[in-house]
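Here is the file data-v7.pdb (PDB, C-alpha atoms and all ligand atoms).
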ATOM      1  CA  MET O   1     268.864  73.368 -12.504  1.00  0.00           C
ATOM      2  CA  GLY O   2     270.031  74.520 -15.924  1.00  0.00           C
ATOM      3  CA  LEU O   3     271.061  70.940 -16.738  1.00  0.00           C
ATOM      4  CA  LEU O   4     267.708  69.565 -15.598  1.00  0.00           C
ATOM      5  CA  SER O   5     265.661  72.070 -17.628  1.00  0.00           C
ATOM      6  CA  PRO O   6     267.880  73.730 -20.231  1.00  0.00           C
ATOM      7  CA  ARG O   7     265.038  75.602 -21.956  1.00  0.00           C
ATOM      8  CA  ASN O   8     262.440  78.032 -20.673  1.00  0.00           C
ATOM      9  CA  ASP O   9     259.141  76.249 -21.391  1.00  0.00           C
ATOM     10  CA  ASN O  10     256.746  78.969 -20.202  1.00  0.00           C
ATOM     11  CA  PRO O  11     254.334  79.826 -23.030  1.00  0.00           C
ATOM     12  CA  GLU O  12     254.298  83.603 -22.402  1.00  0.00           C
ATOM     13  CA  SER O  13     257.076  86.197 -22.426  1.00  0.00           C
ATOM     14  CA  ASN O  14     255.341  89.525 -21.934  1.00  0.00           C
ATOM     15  CA  GLU O  15     255.425  92.500 -19.549  1.00  0.00           C
ATOM     16  CA  MET O  16     253.572  90.557 -16.812  1.00  0.00           C
ATOM     17  CA  MET O  17     256.076  87.716 -17.079  1.00  0.00           C
ATOM     18  CA  GLN O  18     259.024  90.100 -16.756  1.00  0.00           C
ATOM     19  CA  SER O  19     257.553  91.775 -13.707  1.00  0.00           C
ATOM     20  CA  LEU O  20     256.926  88.325 -12.165  1.00  0.00           C
ATOM     21  CA  ARG O  21     260.561  87.418 -12.855  1.00  0.00           C
ATOM     22  CA  ARG O  22     261.871  90.595 -11.176  1.00  0.00           C
ATOM     23  CA  PHE O  23     259.519  89.968  -8.230  1.00  0.00           C
ATOM     24  CA  SER O  24     260.871  86.409  -7.790  1.00  0.00           C
ATOM     25  CA  PHE O  25     264.506  87.636  -7.906  1.00  0.00           C
ATOM     26  CA  GLY O  26     263.701  90.229  -5.221  1.00  0.00           C
ATOM     27  CA  LEU O  27     262.021  87.604  -3.029  1.00  0.00           C
ATOM     28  CA  THR O  28     264.987  85.240  -3.389  1.00  0.00           C
ATOM     29  CA  LEU O  29     267.317  88.031  -2.236  1.00  0.00           C
ATOM     30  CA  LEU O  30     265.041  88.843   0.718  1.00  0.00           C
ATOM     31  CA  ILE O  31     264.983  85.161   1.746  1.00  0.00           C
ATOM     32  CA  PHE O  32     268.780  85.101   1.613  1.00  0.00           C
ATOM     33  CA  ILE O  33     268.823  88.111   3.980  1.00  0.00           C
ATOM     34  CA  MET O  34     266.241  86.331   6.182  1.00  0.00           C
ATOM     35  CA  VAL O  35     268.519  83.283   6.465  1.00  0.00           C
ATOM     36  CA  LEU O  36     271.400  85.559   7.549  1.00  0.00           C
ATOM     37  CA  SER O  37     269.090  87.215  10.077  1.00  0.00           C
ATOM     38  CA  GLY O  38     268.212  83.731  11.442  1.00  0.00           C
ATOM     39  CA  GLY O  39     271.930  83.069  11.904  1.00  0.00           C
ATOM     40  CA  PHE O  40     272.145  86.212  14.068  1.00  0.00           C
ATOM     41  CA  VAL O  41     269.135  85.040  16.152  1.00  0.00           C
ATOM     42  CA  ALA O  42     270.711  81.621  16.774  1.00  0.00           C
ATOM     43  CA  GLY O  43     274.190  83.157  17.250  1.00  0.00           C
ATOM     44  CA  ILE O  44     273.305  85.313  20.277  1.00  0.00           C
ATOM     45  CA  ARG O  45     270.599  82.885  21.487  1.00  0.00           C
ATOM     46  CA  ALA O  46     267.919  85.518  20.985  1.00  0.00           C
ATOM     47  CA  GLY O  47     265.337  82.718  20.671  1.00  0.00           C
ATOM     48  CA  LEU O  48     265.577  82.210  24.442  1.00  0.00           C
ATOM     49  CA  ALA O  49     264.004  85.637  25.085  1.00  0.00           C
ATOM     50  CA  TYR O  50     260.616  87.116  24.084  1.00  0.00           C
ATOM     51  CA  ASN O  51     258.934  83.695  23.744  1.00  0.00           C
ATOM     52  CA  THR O  52     255.527  85.072  22.793  1.00  0.00           C
ATOM     53  CA  PHE O  53     253.957  85.794  19.424  1.00  0.00           C
ATOM     54  CA  PRO O  54     252.968  88.181  17.855  1.00  0.00           C
ATOM     55  CA  PHE O  55     253.913  90.456  20.779  1.00  0.00           C
ATOM     56  CA  MET O  56     257.375  90.673  22.330  1.00  0.00           C
ATOM     57  CA  ASN O  57     256.770  90.943  26.094  1.00  0.00           C
ATOM     58  CA  GLY O  58     253.506  92.737  25.355  1.00  0.00           C
ATOM     59  CA  HIS O  59     254.976  95.100  22.740  1.00  0.00           C
ATOM     60  CA  LEU O  60     254.807  94.943  18.961  1.00  0.00           C
ATOM     61  CA  ILE O  61     258.102  96.890  18.946  1.00  0.00           C
ATOM     62  CA  PRO O  62     260.016  96.316  22.215  1.00  0.00           C
ATOM     63  CA  PRO O  63     261.214  99.629  23.762  1.00  0.00           C
ATOM     64  CA  GLU O  64     264.766  98.306  24.305  1.00  0.00           C
ATOM     65  CA  ILE O  65     265.674  97.867  20.617  1.00  0.00           C
ATOM     66  CA  PHE O  66     268.058 100.858  20.678  1.00  0.00           C
ATOM     67  CA  MET O  67     269.437 100.256  24.169  1.00  0.00           C
ATOM     68  CA  LEU O  68     273.095  99.685  23.162  1.00  0.00           C
ATOM     69  CA  GLU O  69     275.666 102.297  22.070  1.00  0.00           C
ATOM     70  CA  PRO O  70     276.735 102.898  19.349  1.00  0.00           C
ATOM     71  CA  TRP O  71     273.319 102.312  17.714  1.00  0.00           C
ATOM     72  CA  TYR O  72     274.524  99.826  15.064  1.00  0.00           C
ATOM     73  CA  ARG O  73     275.634  97.327  17.742  1.00  0.00           C
ATOM     74  CA  ASN O  74     271.930  96.696  18.413  1.00  0.00           C
ATOM     75  CA  PHE O  75     271.586  94.921  15.057  1.00  0.00           C
ATOM     76  CA  PHE O  76     274.125  92.274  16.121  1.00  0.00           C
ATOM     77  CA  ASP O  77     274.290  92.184  19.939  1.00  0.00           C
ATOM     78  CA  ASN O  78     270.838  93.174  21.195  1.00  0.00           C
ATOM     79  CA  MET O  79     268.462  90.168  21.535  1.00  0.00           C
ATOM     80  CA  ALA O  80     265.415  92.410  21.191  1.00  0.00           C
ATOM     81  CA  THR O  81     266.587  94.048  17.946  1.00  0.00           C
ATOM     82  CA  VAL O  82     267.939  90.856  16.383  1.00  0.00           C
ATOM     83  CA  GLN O  83     264.707  88.964  17.070  1.00  0.00           C
ATOM     84  CA  PHE O  84     262.567  91.951  16.068  1.00  0.00           C
ATOM     85  CA  ASP O  85     264.384  92.173  12.690  1.00  0.00           C
ATOM     86  CA  HIS O  86     263.807  88.426  12.119  1.00  0.00           C
ATOM     87  CA  ARG O  87     260.086  88.838  12.849  1.00  0.00           C
ATOM     88  CA  LEU O  88     259.789  91.980  10.746  1.00  0.00           C
ATOM     89  CA  ILE O  89     261.243  90.308   7.643  1.00  0.00           C
ATOM     90  CA  ALA O  90     258.947  87.303   8.306  1.00  0.00           C
ATOM     91  CA  TRP O  91     255.915  89.668   8.265  1.00  0.00           C
ATOM     92  CA  ILE O  92     257.142  91.256   5.032  1.00  0.00           C
ATOM     93  CA  LEU O  93     257.567  87.807   3.426  1.00  0.00           C
ATOM     94  CA  ALA O  94     254.162  86.692   4.759  1.00  0.00           C
ATOM     95  CA  PHE O  95     252.690  89.602   2.799  1.00  0.00           C
ATOM     96  CA  LEU O  96     254.861  89.495  -0.339  1.00  0.00           C
ATOM     97  CA  VAL O  97     255.021  85.749  -1.107  1.00  0.00           C
ATOM     98  CA  PRO O  98     251.186  85.291  -1.250  1.00  0.00           C
ATOM     99  CA  LEU O  99     251.056  88.473  -3.360  1.00  0.00           C
ATOM    100  CA  PHE O 100     253.611  86.909  -5.721  1.00  0.00           C
ATOM    101  CA  TRP O 101     251.577  83.700  -5.808  1.00  0.00           C
ATOM    102  CA  PHE O 102     248.356  85.595  -6.721  1.00  0.00           C
ATOM    103  CA  LYS O 103     250.262  87.462  -9.442  1.00  0.00           C
ATOM    104  CA  SER O 104     251.612  84.159 -10.777  1.00  0.00           C
ATOM    105  CA  ARG O 105     248.023  82.855 -11.128  1.00  0.00           C
ATOM    106  CA  LYS O 106     247.319  85.620 -13.669  1.00  0.00           C
ATOM    107  CA  VAL O 107     250.141  84.523 -16.007  1.00  0.00           C
ATOM    108  CA  GLU O 108     250.063  81.452 -18.208  1.00  0.00           C
ATOM    109  CA  LEU O 109     252.871  79.223 -16.879  1.00  0.00           C
ATOM    110  CA  SER O 110     254.135  75.732 -17.668  1.00  0.00           C
ATOM    111  CA  GLY O 111     252.995  72.926 -15.336  1.00  0.00           C
ATOM    112  CA  THR O 112     256.397  72.636 -13.651  1.00  0.00           C
ATOM    113  CA  THR O 113     256.650  76.410 -13.051  1.00  0.00           C
ATOM    114  CA  ARG O 114     253.167  76.355 -11.513  1.00  0.00           C
ATOM    115  CA  ILE O 115     254.246  73.518  -9.187  1.00  0.00           C
ATOM    116  CA  ALA O 116     257.360  75.528  -8.209  1.00  0.00           C
ATOM    117  CA  CYS O 117     255.211  78.592  -7.337  1.00  0.00           C
ATOM    118  CA  ASN O 118     252.787  76.476  -5.266  1.00  0.00           C
ATOM    119  CA  LEU O 119     255.635  74.757  -3.446  1.00  0.00           C
ATOM    120  CA  PHE O 120     257.258  78.124  -2.691  1.00  0.00           C
ATOM    121  CA  LEU O 121     254.086  79.390  -0.974  1.00  0.00           C
ATOM    122  CA  LEU O 122     253.624  76.103   0.901  1.00  0.00           C
ATOM    123  CA  MET O 123     257.231  76.138   2.110  1.00  0.00           C
ATOM    124  CA  LEU O 124     256.854  79.708   3.395  1.00  0.00           C
ATOM    125  CA  VAL O 125     253.800  78.702   5.444  1.00  0.00           C
ATOM    126  CA  ILE O 126     255.679  75.685   6.876  1.00  0.00           C
ATOM    127  CA  GLN O 127     258.799  77.748   7.630  1.00  0.00           C
ATOM    128  CA  ILE O 128     256.946  80.565   9.416  1.00  0.00           C
ATOM    129  CA  SER O 129     254.952  77.997  11.436  1.00  0.00           C
ATOM    130  CA  LEU O 130     258.179  76.189  12.403  1.00  0.00           C
ATOM    131  CA  GLY O 131     259.764  79.528  13.428  1.00  0.00           C
ATOM    132  CA  ILE O 132     256.821  80.463  15.656  1.00  0.00           C
ATOM    133  CA  ALA O 133     256.713  76.944  17.177  1.00  0.00           C
ATOM    134  CA  THR O 134     260.484  77.094  17.862  1.00  0.00           C
ATOM    135  CA  LEU O 135     260.046  80.424  19.619  1.00  0.00           C
ATOM    136  CA  LEU O 136     256.960  79.478  21.676  1.00  0.00           C
ATOM    137  CA  HIS O 137     258.570  76.231  22.881  1.00  0.00           C
ATOM    138  CA  ILE O 138     261.817  78.073  23.804  1.00  0.00           C
ATOM    139  CA  VAL O 139     264.031  76.502  21.132  1.00  0.00           C
ATOM    140  CA  PRO O 140     263.903  72.685  21.553  1.00  0.00           C
ATOM    141  CA  VAL O 141     266.631  71.231  19.297  1.00  0.00           C
ATOM    142  CA  PRO O 142     264.345  69.086  17.039  1.00  0.00           C
ATOM    143  CA  LEU O 143     262.148  72.116  16.229  1.00  0.00           C
ATOM    144  CA  ALA O 144     265.100  74.512  15.876  1.00  0.00           C
ATOM    145  CA  ALA O 145     266.885  72.064  13.563  1.00  0.00           C
ATOM    146  CA  SER O 146     263.705  71.610  11.482  1.00  0.00           C
ATOM    147  CA  HIS O 147     263.449  75.406  11.223  1.00  0.00           C
ATOM    148  CA  GLN O 148     267.078  75.514  10.099  1.00  0.00           C
ATOM    149  CA  GLY O 149     266.437  72.801   7.465  1.00  0.00           C
ATOM    150  CA  GLY O 150     263.227  74.568   6.436  1.00  0.00           C
ATOM    151  CA  ALA O 151     265.262  77.692   5.649  1.00  0.00           C
ATOM    152  CA  VAL O 152     267.363  75.689   3.174  1.00  0.00           C
ATOM    153  CA  LEU O 153     264.248  74.238   1.535  1.00  0.00           C
ATOM    154  CA  LEU O 154     262.558  77.649   1.337  1.00  0.00           C
ATOM    155  CA  PHE O 155     265.656  79.211  -0.232  1.00  0.00           C
ATOM    156  CA  ALA O 156     265.853  76.272  -2.665  1.00  0.00           C
ATOM    157  CA  ALA O 157     262.170  76.739  -3.592  1.00  0.00           C
ATOM    158  CA  ALA O 158     262.749  80.479  -4.213  1.00  0.00           C
ATOM    159  CA  LEU O 159     265.762  79.668  -6.416  1.00  0.00           C
ATOM    160  CA  TRP O 160     263.738  77.092  -8.320  1.00  0.00           C
ATOM    161  CA  VAL O 161     260.941  79.610  -9.007  1.00  0.00           C
ATOM    162  CA  SER O 162     263.483  82.239 -10.138  1.00  0.00           C
ATOM    163  CA  HIS O 163     265.154  79.689 -12.367  1.00  0.00           C
ATOM    164  CA  ARG O 164     261.847  78.583 -13.910  1.00  0.00           C
ATOM    165  CA  LEU O 165     260.969  82.231 -14.674  1.00  0.00           C
ATOM    166  CA  ARG O 166     264.372  83.152 -16.132  1.00  0.00           C
TER     167      ARG O 166
HETATM  168  C1  LIG P   1     260.781  83.053   6.004  1.00  0.00           C
HETATM  169  C2  LIG P   1     260.780  82.731   7.233  1.00  0.00           C
HETATM  170  C3  LIG P   1     262.001  82.360   8.039  1.00  0.00           C
HETATM  171  C4  LIG P   1     263.260  81.966   7.653  1.00  0.00           C
HETATM  172  C5  LIG P   1     263.822  81.797   6.245  1.00  0.00           C
HETATM  173  C6  LIG P   1     264.002  81.754   8.874  1.00  0.00           C
HETATM  174  C7  LIG P   1     265.318  81.321   8.923  1.00  0.00           C
HETATM  175  C8  LIG P   1     266.016  81.057  10.087  1.00  0.00           C
HETATM  176  C9  LIG P   1     267.359  80.547  10.137  1.00  0.00           C
HETATM  177  C10 LIG P   1     268.252  80.194   8.947  1.00  0.00           C
HETATM  178  C11 LIG P   1     267.698  80.434  11.452  1.00  0.00           C
HETATM  179  C12 LIG P   1     269.054  80.017  11.992  1.00  0.00           C
HETATM  180  C13 LIG P   1     269.062  78.611  12.497  1.00  0.00           C
HETATM  181  C14 LIG P   1     270.418  78.254  13.062  1.00  0.00           C
HETATM  182  O1  LIG P   1     271.436  78.758  12.591  1.00  0.00           O
HETATM  183  O2  LIG P   1     270.411  77.454  13.966  1.00  0.00           O
HETATM  184  C15 LIG P   1     266.570  80.875  12.230  1.00  0.00           C
HETATM  185  C16 LIG P   1     266.526  80.914  13.604  1.00  0.00           C
HETATM  186  C17 LIG P   1     265.413  81.231  14.346  1.00  0.00           C
HETATM  187  N1  LIG P   1     264.207  81.669  13.861  1.00  0.00           N
HETATM  188 FE1  LIG P   1     263.720  81.852  11.911  1.00  0.00          FE
HETATM  189  N2  LIG P   1     263.195  82.018   9.957  1.00  0.00           N
HETATM  190  C18 LIG P   1     261.978  82.393   9.490  1.00  0.00           C
HETATM  191  C19 LIG P   1     260.864  82.774  10.231  1.00  0.00           C
HETATM  192  C20 LIG P   1     260.809  82.811  11.614  1.00  0.00           C
HETATM  193  C21 LIG P   1     259.679  83.226  12.406  1.00  0.00           C
HETATM  194  C22 LIG P   1     258.332  83.715  11.855  1.00  0.00           C
HETATM  195  C23 LIG P   1     260.025  83.087  13.702  1.00  0.00           C
HETATM  196  C24 LIG P   1     259.208  83.366  14.944  1.00  0.00           C
HETATM  197  C25 LIG P   1     258.521  84.447  15.138  1.00  0.00           C
HETATM  198  C26 LIG P   1     261.385  82.582  13.745  1.00  0.00           C
HETATM  199  C27 LIG P   1     262.084  82.290  14.896  1.00  0.00           C
HETATM  200  C28 LIG P   1     263.376  81.851  14.936  1.00  0.00           C
HETATM  201  C29 LIG P   1     264.072  81.533  16.157  1.00  0.00           C
HETATM  202  C30 LIG P   1     263.517  81.598  17.567  1.00  0.00           C
HETATM  203  C31 LIG P   1     265.354  81.129  15.785  1.00  0.00           C
HETATM  204  C32 LIG P   1     266.504  80.706  16.709  1.00  0.00           C
HETATM  205  C33 LIG P   1     266.624  79.214  16.799  1.00  0.00           C
HETATM  206  C34 LIG P   1     267.912  78.804  17.490  1.00  0.00           C
HETATM  207  O3  LIG P   1     268.363  79.514  18.391  1.00  0.00           O
HETATM  208  O4  LIG P   1     268.459  77.761  17.094  1.00  0.00           O
HETATM  209  N3  LIG P   1     261.822  82.433  12.450  1.00  0.00           N
HETATM  210  N4  LIG P   1     265.553  81.266  11.370  1.00  0.00           N
END

What does this structure look like when you write it as structure tokens?
Ligand code: HEM
Amino acid sequence: MGLLSPRNDNPESNEMMQSLRRFSFGLTLLIFIMVLSGGFVAGIRAGLAYNTFPFMNGHLIPPEIFMLEPWYRNFFDNMATVQFDHRLIAWILAFLVPLFWFKSRKVELSGTTRIACNLFLLMLVIQISLGIATLLHIVPVPLAASHQGGAVLLFAAALWVSHRLR
């Protein structure tokens, strides 16, 4: 990315811009964690259980999330907890990424940076929709693989935005 655009071409470099930059770094980190969380979901086949959305068998927070002992095993071995964590981070991103996008509208950005921000929001919408579709259809391979590919594209979009705002 540095080779493609060696210089920062955004017209402004003020307080707002710095806060936008920090926000985009934080979101990129959260998306990285989300991708790891997705690996846990696929790893223990947690997508084959709780195939409803937004509720998990009628609960927003399933009662069995701390069923296993010791407690920390739940984050890796309990289908309910692993899937709940994946959904929870998705909700957080569904709130934070549009907030980031609205904030980005208030700053004067170069055309390419604006495109990167728009693409980031669009990719989040596509990725969350693919995730929900994968879950509701009980993990058919074409949808699951698209969701997997979508994660790469979303992470790439977040990196691009962070790079444009550096
Ligand atoms: C920012 C949003 C999301 C990202 C970055 C993300 C990322 C991922 C990744 C990387 C995987 C692992 C794929 C694999 O290794 O095969 C995965 C699996 C999965 N995700 Fe997501 N996900 C997101 C949102 C969602 C949402 C909203 C849902 C549904 C409520 C969901 C449901 C699933 C399911 C069911 C699987 C398991 C698929 C399988 O077993 O192959 N995801 N996710």

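Atom pair CA of Met17 in chain O / CA of Val161 in chain O has a distance of 12.4 Å (rounded to one decimal).
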
From the list O:Gly43, O:Lys106, O:Thr113, O:Leu4, which residue is nearest ligand LIG 1 (chain P) when using only C-alpha atoms and all ligand atoms?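 Closest to ligand LIG 1 (chain P), using only C-alpha atoms and all ligand atoms: O:Gly43.
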
Within 6 Å of ligand LIG 1 (chain P), which residues of chain O come that close, and what is the closest atom pair and distance in Å for each? Count only C-alpha atoms and all ligand atoms and give it as JSON lines.
{"residue": "O:Ile31", "atom": "CA", "partner": "P:LIG1", "partner_atom": "C5", "distance": 5.7}
{"residue": "O:Met34", "atom": "CA", "partner": "P:LIG1", "partner_atom": "C5", "distance": 5.1}
{"residue": "O:Val35", "atom": "CA", "partner": "P:LIG1", "partner_atom": "C10", "distance": 4.0}
{"residue": "O:Gly38", "atom": "CA", "partner": "P:LIG1", "partner_atom": "C11", "distance": 3.3}
{"residue": "O:Gly39", "atom": "CA", "partner": "P:LIG1", "partner_atom": "C12", "distance": 4.2}
{"residue": "O:Val41", "atom": "CA", "partner": "P:LIG1", "partner_atom": "C32", "distance": 5.1}
{"residue": "O:Ala42", "atom": "CA", "partner": "P:LIG1", "partner_atom": "O3", "distance": 3.5}
{"residue": "O:Arg45", "atom": "CA", "partner": "P:LIG1", "partner_atom": "O3", "distance": 5.1}
{"residue": "O:Gly47", "atom": "CA", "partner": "P:LIG1", "partner_atom": "C30", "distance": 3.8}
{"residue": "O:Arg87", "atom": "CA", "partner": "P:LIG1", "partner_atom": "C25", "distance": 5.2}
{"residue": "O:Ala90", "atom": "CA", "partner": "P:LIG1", "partner_atom": "C2", "distance": 5.0}
{"residue": "O:Leu124", "atom": "CA", "partner": "P:LIG1", "partner_atom": "C1", "distance": 5.8}
{"residue": "O:Gln127", "atom": "CA", "partner": "P:LIG1", "partner_atom": "C2", "distance": 5.4}
{"residue": "O:Ile128", "atom": "CA", "partner": "P:LIG1", "partner_atom": "C22", "distance": 4.2}
{"residue": "O:Gly131", "atom": "CA", "partner": "P:LIG1", "partner_atom": "C26", "distance": 3.5}
{"residue": "O:Ile132", "atom": "CA", "partner": "P:LIG1", "partner_atom": "C24", "distance": 3.8}
{"residue": "O:Thr134", "atom": "CA", "partner": "P:LIG1", "partner_atom": "C30", "distance": 5.4}
{"residue": "O:Leu135", "atom": "CA", "partner": "P:LIG1", "partner_atom": "C30", "distance": 4.2}
{"residue": "O:Val139", "atom": "CA", "partner": "P:LIG1", "partner_atom": "C33", "distance": 5.7}
{"residue": "O:Ala144", "atom": "CA", "partner": "P:LIG1", "partner_atom": "O4", "distance": 4.8}
{"residue": "O:Gln148", "atom": "CA", "partner": "P:LIG1", "partner_atom": "C13", "distance": 4.4}
{"residue": "O:Ala151", "atom": "CA", "partner": "P:LIG1", "partner_atom": "C5", "distance": 4.4}

Measuring between all atoms listed in the file, which one of O:Asn10, O:Ser162, O:Ser104, O:Asn74 shows the shortest distance to Phe40 in chain O?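 Checking each of O:Asn10, O:Ser162, O:Ser104, O:Asn74 against Phe40 in chain O, counting all atoms listed in the file, the winner is O:Asn74.
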
Name the closest residue to Leu119 in chain O among the candidates O:Leu159, O:Met79, O:Leu93, O:Val107; distances are taken between atoms, counting all atoms listed in the file.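 Ranking O:Leu159, O:Met79, O:Leu93, O:Val107 by distance to Leu119 in chain O, first place goes to O:Leu159.
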
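Counting from CA of Asp9 in chain O, the distance to CA of Leu29 in chain O is 23.9 Å.
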
Go ahead and compute the interatomic distance for CA of Ile126 in chain O and CA of Phe84 in chain O, in Å to one decimal. 19.9 Å

Report the centre and edge lengths, in Å to one decimal, of an axis-aligned box enclosing every atom of range 130-144 of chain O listed in the file, padded by 8 Å on each side, as JSON.
{"center_x": 261.7, "center_y": 74.8, "center_z": 18.1, "size_x": 25.9, "size_y": 27.4, "size_z": 27.4}

Do you know which residues are at most 12 Å from Ile65 in chain O counting all atoms listed in the file, after dropping those on the same chain fewer than 5 positions away, and could you put them as a ChimeraX atom specification? /O:56,59-60,71-85

Which protein, DNA or RNA residues are at most 8 Å from (251.5, 80.0, -0.2) in the file's coordinates when you count only C-alpha atoms, listed as a PyMOL selection string? chain O and resi 97-98+101+118-125

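Shortest separation to Glu12 in chain O among O:Glu64, O:Tyr50, O:Glu69, O:Arg166 occurs at residue O:Arg166, atoms counted being all atoms listed in the file.
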
Determine the residue membership of the PyMOL selection byres (((chain O and resi 158) around 9) and not hetatm) for the file above and supply it as a list of chain:residue names.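 Going through the file, the PyMOL selection byres (((chain O and resi 158) around 9) and not hetatm) ends up selecting O:Ser24, O:Phe25, O:Leu27, O:Thr28, O:Ile31, O:Ala116, O:Cys117, O:Phe120, O:Leu153, O:Leu154, O:Phe155, O:Ala156, O:Ala157, O:Leu159, O:Trp160, O:Val161, O:Ser162, O:His163.
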
Using only C-alpha atoms, collect all residues at a distance of at most 6 Å from (259.9, 72.6, 10.8) as written in the file, then present them as a PyMOL selection string. chain O and resi 130+143+146-147+150

Between O:Ile44, O:Leu30, O:Leu36, O:Met16, single out the one closest to Ala94 in chain O, counting all atoms listed in the file.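 Under the stated criterion, the closest residue is O:Leu30.
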
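Considering all atoms listed in the file, the residue among O:Ser37, O:Phe66, O:Asn57, O:Leu20 positioned nearest to Arg105 in chain O is O:Leu20.
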
Missing atoms in range 28-47 of chain O should be modelled up to N, CA and C atoms and reported as a CSV table (one decimal), in the frame of the given file.
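Writing done, so here's result.csv:
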chain,number,residue,atom,x,y,z
O,28,THR,N,263.9,86.2,-3.7
O,28,THR,CA,265.0,85.2,-3.4
O,28,THR,C,266.1,86.0,-2.6
O,29,LEU,N,266.3,87.2,-3.0
O,29,LEU,CA,267.3,88.0,-2.2
O,29,LEU,C,266.9,88.3,-0.8
O,30,LEU,N,265.6,88.6,-0.6
O,30,LEU,CA,265.0,88.8,0.7
O,30,LEU,C,265.1,87.6,1.6
O,31,ILE,N,264.9,86.4,1.0
O,31,ILE,CA,265.0,85.2,1.7
O,31,ILE,C,266.4,84.9,2.1
O,32,PHE,N,267.4,85.2,1.3
O,32,PHE,CA,268.8,85.1,1.6
O,32,PHE,C,269.1,86.0,2.8
O,33,ILE,N,268.6,87.2,2.8
O,33,ILE,CA,268.8,88.1,4.0
O,33,ILE,C,268.2,87.5,5.2
O,34,MET,N,267.0,86.9,5.1
O,34,MET,CA,266.2,86.3,6.2
O,34,MET,C,267.0,85.2,6.8
O,35,VAL,N,267.7,84.4,6.0
O,35,VAL,CA,268.5,83.3,6.5
O,35,VAL,C,269.7,83.8,7.3
O,36,LEU,N,270.3,84.9,6.8
O,36,LEU,CA,271.4,85.6,7.5
O,36,LEU,C,270.9,86.1,8.9
O,37,SER,N,269.7,86.7,8.8
O,37,SER,CA,269.1,87.2,10.1
O,37,SER,C,268.8,86.1,11.1
O,38,GLY,N,268.4,84.9,10.6
O,38,GLY,CA,268.2,83.7,11.4
O,38,GLY,C,269.5,83.3,12.1
O,39,GLY,N,270.6,83.4,11.3
O,39,GLY,CA,271.9,83.1,11.9
O,39,GLY,C,272.3,84.0,13.1
O,40,PHE,N,271.9,85.3,13.0
O,40,PHE,CA,272.1,86.2,14.1
O,40,PHE,C,271.3,85.8,15.3
O,41,VAL,N,270.0,85.4,15.0
O,41,VAL,CA,269.1,85.0,16.2
O,41,VAL,C,269.8,83.9,16.9
O,42,ALA,N,270.1,82.8,16.1
O,42,ALA,CA,270.7,81.6,16.8
O,42,ALA,C,272.1,82.0,17.4
O,43,GLY,N,272.8,82.8,16.8
O,43,GLY,CA,274.2,83.2,17.2
O,43,GLY,C,274.2,83.8,18.6
O,44,ILE,N,273.3,84.7,18.9
O,44,ILE,CA,273.3,85.3,20.3
O,44,ILE,C,272.2,84.7,21.2
O,45,ARG,N,271.7,83.6,20.7
O,45,ARG,CA,270.6,82.9,21.5
O,45,ARG,C,269.4,83.8,21.8
O,46,ALA,N,269.0,84.6,20.8
O,46,ALA,CA,267.9,85.5,21.0
O,46,ALA,C,266.6,84.8,21.0
O,47,GLY,N,266.6,83.5,20.6
O,47,GLY,CA,265.3,82.7,20.7
O,47,GLY,C,265.0,82.3,22.1
